[in-house]
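Student: One structure, pasted below without further comment.
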Amino acid sequence: MIGALNLYLVRRFALWLVIVALGFGTVAMLGDFLEMLRFANRFNLGAGTAFKFTLHRLPLLLMDFLPFIFLFGSVFCLLRLSQAQELAVIRAAGLSVWQFLKPLLVFTFLLSILIVLAIEPIGAHLHNRYTDNQAKLTSQKSGLSVSTGSIWFREAVENGSYISRAREIDDAQMGRLLGLEIMLLNTDGAFESRITAPSGEIVNGIFRLDNATIYRGTAIAETVPQFDLPTSLMAESLSNSFVNARIINIWQLPGYVLAAGNSGIDVTRHQVRFHSLIALPILLVAMVMVAACFSLPTGRMFSTGQTIGMSVFSGFALFLFNDFIVLMGELNLMPAALASWTPALIALLLSISYLLTTEDG
């Protein structure tokens with residue numbers, strides 16, 4: 001009997017999650033489509049391209065709404081069960097609030113793990129495709145990446161292109177790269193020459209190499225005190241220009257953080273992103289608990305309208321608190337792990353305390 005009841009509750013809960021997710025998804029898609037339509041019109045592109053960009057961005061947009069989806073899905077599910085007197089029957093059968101909330105919490109936890117491990121990587125891949133298309137349209141020609149122990153970027157110039165590899169970024173001076181090796185290519189992509197330099201600096205659109213050694217085929221290597229290359233990179237944003245944390249999926253984040261950190265790149269945002277994804281199951285479980293705090297006493301403390309209003313208020317309060325704490329983590333005002341886990345744990349502990357007080361005396 002308990003197994004059948006748990007399955008019934010999970011099915012009702014999943015139905016409301018789908019309904020709420022469709023609502024949020026529709027609003028998010030319409031709003032983002034208008035934004036992408038304005039962006040596409042700047043480059044004389046049609047609505048089809050704008051819609052494709054919206055679809056690429058939609059999975060991560062929905063992930064941003066997940067706390068609200070689970071909050072309102074839980075509220076509407078519990079309210080409906082209460083209005084249909086089903087919760088009263090369950091309580092009369094001797095089940096406590098913890099017993100009929102357990103299947104919802106377990107389902108939330110398992111579903112959120114699936115979202116983090118499977119859906120988020122798909123969303124990151126699609127968002128990466130959008131950023132690539134955006135970069136092509138806005139003529140941002142420099143492509144940057146980080147591999148173990150090295151920083152790579154490719155720059156298109158008037159008479160060809162060049163590929164640069166740097167060992168690390170100099171922490172003491174903004175825009176300075178150390179241990180440089182550069183391959184110059186002609187317009188056909190064929191090799192022209194190789195340049196090595198102990199250091200180089202990005203200054204006002206110029207990539208200036210110090211004590212550069214130039215190798216041209218079989219000719220004798222030539223050393224010059226200074227060699228300049230054009231670049232579209234900015235020294236002020238060098239550390240933040242490599243990879244947006246949102247386009248690296250959870251499976252790739254640890255390796256990127258390790259490689260980029262060893263290269264001198266600030267990876268605080270990526271650390272916060274990683275811990276936020278790990279903490280997401282706890283945050284969503286906390287949202288279900290918060291919903292239960294306001295939905296279960298219906299008829300004794302709050303009306304339906306008050307329940308929804310209190311849920312909206314608590315959801316936005318938690319959302320703003322979470323954003324504030326995460327921002328503190330990104331600014332290195334508190335550890336990344338603490339910034340990511342604090343809002344979820346506080347919401348979970350407060351909701352458990354409230355239910356223990358109201359339901360168990």
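In the structure tokens, the first chain shown is A, the next is B, and so on; residue numbers restart at 1 for each chain, and ligands run from 1 in the order shown.
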List the spatial neighbours of Ile113 in chain A as a PyMOL selection string - criterion: any atom at most 9 Å away, only C-alpha atoms, same-chain residues fewer than 4 positions off excluded.
Tutor: chain A and resi 108-109+117-118+278+280-281
Student: What lies within 8 Å of Ala292 in chain A using only C-alpha atoms, ignoring chain neighbours under 5 positions off, as a list in words?
Tutor: Ser74, Val75 and Leu78 of chain A
Student: Might you pull out every residue within 12 Å of Lys102 in chain A, with only C-alpha atoms counted and same-chain residues fewer than 4 positions away left off, and present them as an MDAnalysis selection string?
Tutor: chainID A and resid 2:3 5:7 9:10 95:98 106:109 285 288:289 292
Student: For the residues selected in the previous step, produce a file with C-alpha atoms as a tab-separated table (two decimals), in the first residue's frame.
Tutor:
```tsv
chain	number	residue	atom	x	y	z
A	2	ILE	CA	2.79	2.40	0.95
A	3	GLY	CA	4.58	1.67	-2.33
A	5	LEU	CA	0.87	5.62	-2.40
A	6	ASN	CA	4.45	6.75	-2.95
A	7	LEU	CA	4.15	6.09	-6.68
A	9	LEU	CA	2.39	11.03	-5.01
A	10	VAL	CA	5.46	11.03	-7.25
A	95	LEU	CA	1.20	8.68	7.98
A	96	SER	CA	3.20	11.64	9.24
A	97	VAL	CA	4.23	14.62	7.13
A	98	TRP	CA	7.71	13.14	6.78
A	106	VAL	CA	13.76	11.37	-2.92
A	107	PHE	CA	12.34	11.98	-6.41
A	108	THR	CA	13.59	15.59	-6.34
A	109	PHE	CA	17.06	14.52	-5.26
A	285	VAL	CA	15.20	19.56	-1.98
A	288	VAL	CA	10.35	21.43	-1.81
A	289	MET	CA	10.67	21.71	1.97
A	292	ALA	CA	5.71	22.27	2.31
```
Student: Give me the residues near range 190-200 of chain A as a list of chain:residue names, where near means some atom within 8 Å (using only C-alpha atoms) and where sequence neighbours in that chain fewer than 3 positions away do not count.
Tutor: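 Final neighbour list, sorted by chain and number: A:Arg176, A:Leu177, A:Leu178, A:Gly179, A:Leu180, A:Glu181, A:Ile182, A:Met183, A:Leu184, A:Leu185, A:Asn186, A:Thr187, A:Phe207, A:Arg208, A:Leu209, A:Asp210, A:Asn211, A:Ala212, A:Thr213, A:Ile214, A:Tyr215, A:Arg216, A:Gly217.
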Student: Keeping only N, CA and C atoms, write the selected residues to a file as an mmCIF file, in the first residue's frame.
Tutor:
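So again31.cif came out as:
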```
data_model
loop_
_atom_site.group_PDB
_atom_site.id
_atom_site.type_symbol
_atom_site.label_atom_id
_atom_site.label_comp_id
_atom_site.auth_asym_id
_atom_site.auth_seq_id
_atom_site.Cartn_x
_atom_site.Cartn_y
_atom_site.Cartn_z
ATOM 1 N N ARG A 176 50.628 40.281 -19.131
ATOM 2 C CA ARG A 176 51.932 39.720 -19.502
ATOM 3 C C ARG A 176 51.860 38.198 -19.480
ATOM 4 N N LEU A 177 52.345 37.584 -20.574
ATOM 5 C CA LEU A 177 52.400 36.139 -20.715
ATOM 6 C C LEU A 177 53.848 35.680 -20.688
ATOM 7 N N LEU A 178 54.074 34.502 -20.127
ATOM 8 C CA LEU A 178 55.426 33.966 -19.986
ATOM 9 C C LEU A 178 55.574 32.681 -20.793
ATOM 10 N N GLY A 179 56.820 32.412 -21.250
ATOM 11 C CA GLY A 179 57.111 31.177 -21.976
ATOM 12 C C GLY A 179 56.356 31.061 -23.277
ATOM 13 N N LEU A 180 56.597 31.974 -24.212
ATOM 14 C CA LEU A 180 55.803 32.076 -25.435
ATOM 15 C C LEU A 180 56.420 31.325 -26.610
ATOM 16 N N GLU A 181 55.568 30.714 -27.404
ATOM 17 C CA GLU A 181 55.948 30.123 -28.684
ATOM 18 C C GLU A 181 54.829 30.409 -29.674
ATOM 19 N N ILE A 182 55.175 31.025 -30.813
ATOM 20 C CA ILE A 182 54.173 31.498 -31.764
ATOM 21 C C ILE A 182 54.470 30.945 -33.154
ATOM 22 N N MET A 183 53.426 30.447 -33.808
ATOM 23 C CA MET A 183 53.524 29.945 -35.182
ATOM 24 C C MET A 183 52.810 30.937 -36.095
ATOM 25 N N LEU A 184 53.543 31.509 -37.066
ATOM 26 C CA LEU A 184 52.963 32.429 -38.031
ATOM 27 C C LEU A 184 52.537 31.659 -39.277
ATOM 28 N N LEU A 185 51.298 31.901 -39.739
ATOM 29 C CA LEU A 185 50.735 31.220 -40.904
ATOM 30 C C LEU A 185 50.347 32.252 -41.955
ATOM 31 N N ASN A 186 50.443 31.864 -43.230
ATOM 32 C CA ASN A 186 50.025 32.783 -44.287
ATOM 33 C C ASN A 186 48.519 32.679 -44.511
ATOM 34 N N THR A 187 48.027 33.376 -45.534
ATOM 35 C CA THR A 187 46.579 33.398 -45.776
ATOM 36 C C THR A 187 46.018 32.036 -46.160
ATOM 37 N N PHE A 207 50.491 42.885 -29.374
ATOM 38 C CA PHE A 207 51.092 41.794 -28.613
ATOM 39 C C PHE A 207 52.607 41.947 -28.774
ATOM 40 N N ARG A 208 53.263 42.518 -27.769
ATOM 41 C CA ARG A 208 54.679 42.880 -27.839
ATOM 42 C C ARG A 208 55.534 41.796 -27.188
ATOM 43 N N LEU A 209 56.410 41.172 -27.993
ATOM 44 C CA LEU A 209 57.283 40.102 -27.521
ATOM 45 C C LEU A 209 58.653 40.674 -27.172
ATOM 46 N N ASP A 210 59.181 40.264 -26.035
ATOM 47 C CA ASP A 210 60.496 40.728 -25.590
ATOM 48 C C ASP A 210 61.564 39.686 -25.914
ATOM 49 N N ASN A 211 62.703 40.168 -26.457
ATOM 50 C CA ASN A 211 63.834 39.281 -26.778
ATOM 51 C C ASN A 211 63.376 38.078 -27.599
ATOM 52 N N ALA A 212 62.678 38.373 -28.683
ATOM 53 C CA ALA A 212 62.095 37.318 -29.512
ATOM 54 C C ALA A 212 63.137 36.706 -30.443
ATOM 55 N N THR A 213 63.062 35.391 -30.611
ATOM 56 C CA THR A 213 63.910 34.666 -31.556
ATOM 57 C C THR A 213 63.037 34.155 -32.688
ATOM 58 N N ILE A 214 63.398 34.522 -33.936
ATOM 59 C CA ILE A 214 62.577 34.208 -35.104
ATOM 60 C C ILE A 214 63.260 33.122 -35.927
ATOM 61 N N TYR A 215 62.514 32.058 -36.218
ATOM 62 C CA TYR A 215 63.030 30.942 -37.024
ATOM 63 C C TYR A 215 62.256 30.905 -38.343
ATOM 64 N N ARG A 216 62.984 31.073 -39.465
ATOM 65 C CA ARG A 216 62.347 31.046 -40.785
ATOM 66 C C ARG A 216 62.960 29.913 -41.608
ATOM 67 N N GLY A 217 62.284 28.784 -41.655
ATOM 68 C CA GLY A 217 62.758 27.648 -42.438
ATOM 69 C C GLY A 217 64.158 27.230 -42.028
#
```
Student: CA of Ala339 in chain A to CA of Ser112 in chain A: how many Å, to one decimal?
Tutor: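 Atom-to-atom, CA of Ala339 in chain A to CA of Ser112 in chain A, that is 19.6 Å.
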Student: Based on the backbone DSSP call, show me all residues of range 180-308 of chain A assigned helix (DSSP H, G or I), as a ChimeraX atom specification.
Tutor: /A:235-237,245-247,253-262,268-295,304-308
Student: Keeping C-alpha atoms, export the residues of the selection given above as a PDB file, in the first residue's frame.
Tutor:
```pdb
ATOM      1  CA  ALA A 235      45.010  43.096 -21.093  1.00  0.00           C
ATOM      2  CA  GLU A 236      42.318  43.987 -18.543  1.00  0.00           C
ATOM      3  CA  SER A 237      40.112  41.079 -19.559  1.00  0.00           C
ATOM      4  CA  ALA A 245      32.009  29.087 -16.819  1.00  0.00           C
ATOM      5  CA  ARG A 246      28.522  28.367 -18.197  1.00  0.00           C
ATOM      6  CA  ILE A 247      29.817  26.690 -21.371  1.00  0.00           C
ATOM      7  CA  LEU A 253      35.097  21.837 -14.953  1.00  0.00           C
ATOM      8  CA  PRO A 254      37.542  20.085 -12.554  1.00  0.00           C
ATOM      9  CA  GLY A 255      40.123  19.568 -15.306  1.00  0.00           C
ATOM     10  CA  TYR A 256      39.724  23.117 -16.569  1.00  0.00           C
ATOM     11  CA  VAL A 257      40.059  24.590 -13.067  1.00  0.00           C
ATOM     12  CA  LEU A 258      43.248  22.597 -12.493  1.00  0.00           C
ATOM     13  CA  ALA A 259      44.816  23.469 -15.859  1.00  0.00           C
ATOM     14  CA  ALA A 260      43.800  27.128 -15.839  1.00  0.00           C
ATOM     15  CA  GLY A 261      44.786  27.571 -12.198  1.00  0.00           C
ATOM     16  CA  ASN A 262      48.249  26.174 -12.905  1.00  0.00           C
ATOM     17  CA  THR A 268      37.122  31.604  -8.944  1.00  0.00           C
ATOM     18  CA  ARG A 269      33.966  31.860 -11.071  1.00  0.00           C
ATOM     19  CA  HIS A 270      34.508  28.338 -12.368  1.00  0.00           C
ATOM     20  CA  GLN A 271      34.983  26.984  -8.839  1.00  0.00           C
ATOM     21  CA  VAL A 272      31.767  28.683  -7.717  1.00  0.00           C
ATOM     22  CA  ARG A 273      29.954  27.284 -10.759  1.00  0.00           C
ATOM     23  CA  PHE A 274      31.190  23.754 -10.033  1.00  0.00           C
ATOM     24  CA  HIS A 275      30.179  23.843  -6.361  1.00  0.00           C
ATOM     25  CA  SER A 276      26.818  25.416  -7.260  1.00  0.00           C
ATOM     26  CA  LEU A 277      26.068  22.507  -9.585  1.00  0.00           C
ATOM     27  CA  ILE A 278      27.084  19.995  -6.917  1.00  0.00           C
ATOM     28  CA  ALA A 279      24.875  21.788  -4.368  1.00  0.00           C
ATOM     29  CA  LEU A 280      21.880  21.999  -6.736  1.00  0.00           C
ATOM     30  CA  PRO A 281      20.210  18.747  -5.529  1.00  0.00           C
ATOM     31  CA  ILE A 282      20.266  20.035  -1.942  1.00  0.00           C
ATOM     32  CA  LEU A 283      18.918  23.427  -3.052  1.00  0.00           C
ATOM     33  CA  LEU A 284      16.000  21.830  -4.921  1.00  0.00           C
ATOM     34  CA  VAL A 285      15.203  19.560  -1.980  1.00  0.00           C
ATOM     35  CA  ALA A 286      15.214  22.695   0.188  1.00  0.00           C
ATOM     36  CA  MET A 287      12.738  24.372  -2.189  1.00  0.00           C
ATOM     37  CA  VAL A 288      10.346  21.425  -1.815  1.00  0.00           C
ATOM     38  CA  MET A 289      10.670  21.714   1.965  1.00  0.00           C
ATOM     39  CA  VAL A 290      10.019  25.466   1.825  1.00  0.00           C
ATOM     40  CA  ALA A 291       6.904  24.813  -0.263  1.00  0.00           C
ATOM     41  CA  ALA A 292       5.711  22.273   2.311  1.00  0.00           C
ATOM     42  CA  CYS A 293       6.080  24.859   5.081  1.00  0.00           C
ATOM     43  CA  PHE A 294       3.419  27.055   3.471  1.00  0.00           C
ATOM     44  CA  SER A 295       1.267  24.488   1.664  1.00  0.00           C
ATOM     45  CA  THR A 304      -4.631  29.463  -1.076  1.00  0.00           C
ATOM     46  CA  GLY A 305      -3.750  32.991  -2.158  1.00  0.00           C
ATOM     47  CA  GLN A 306      -1.668  33.578   0.951  1.00  0.00           C
ATOM     48  CA  THR A 307       0.116  30.272   0.421  1.00  0.00           C
ATOM     49  CA  ILE A 308       1.091  31.181  -3.134  1.00  0.00           C
TER      50      ILE A 308
END
```
Student: Ranking A:Phe321, A:Phe13, A:Trp152, A:Tyr354 by minimum distance to Phe76 in chain A and counting only C-alpha atoms, which one comes first?
Tutor: A:Phe13
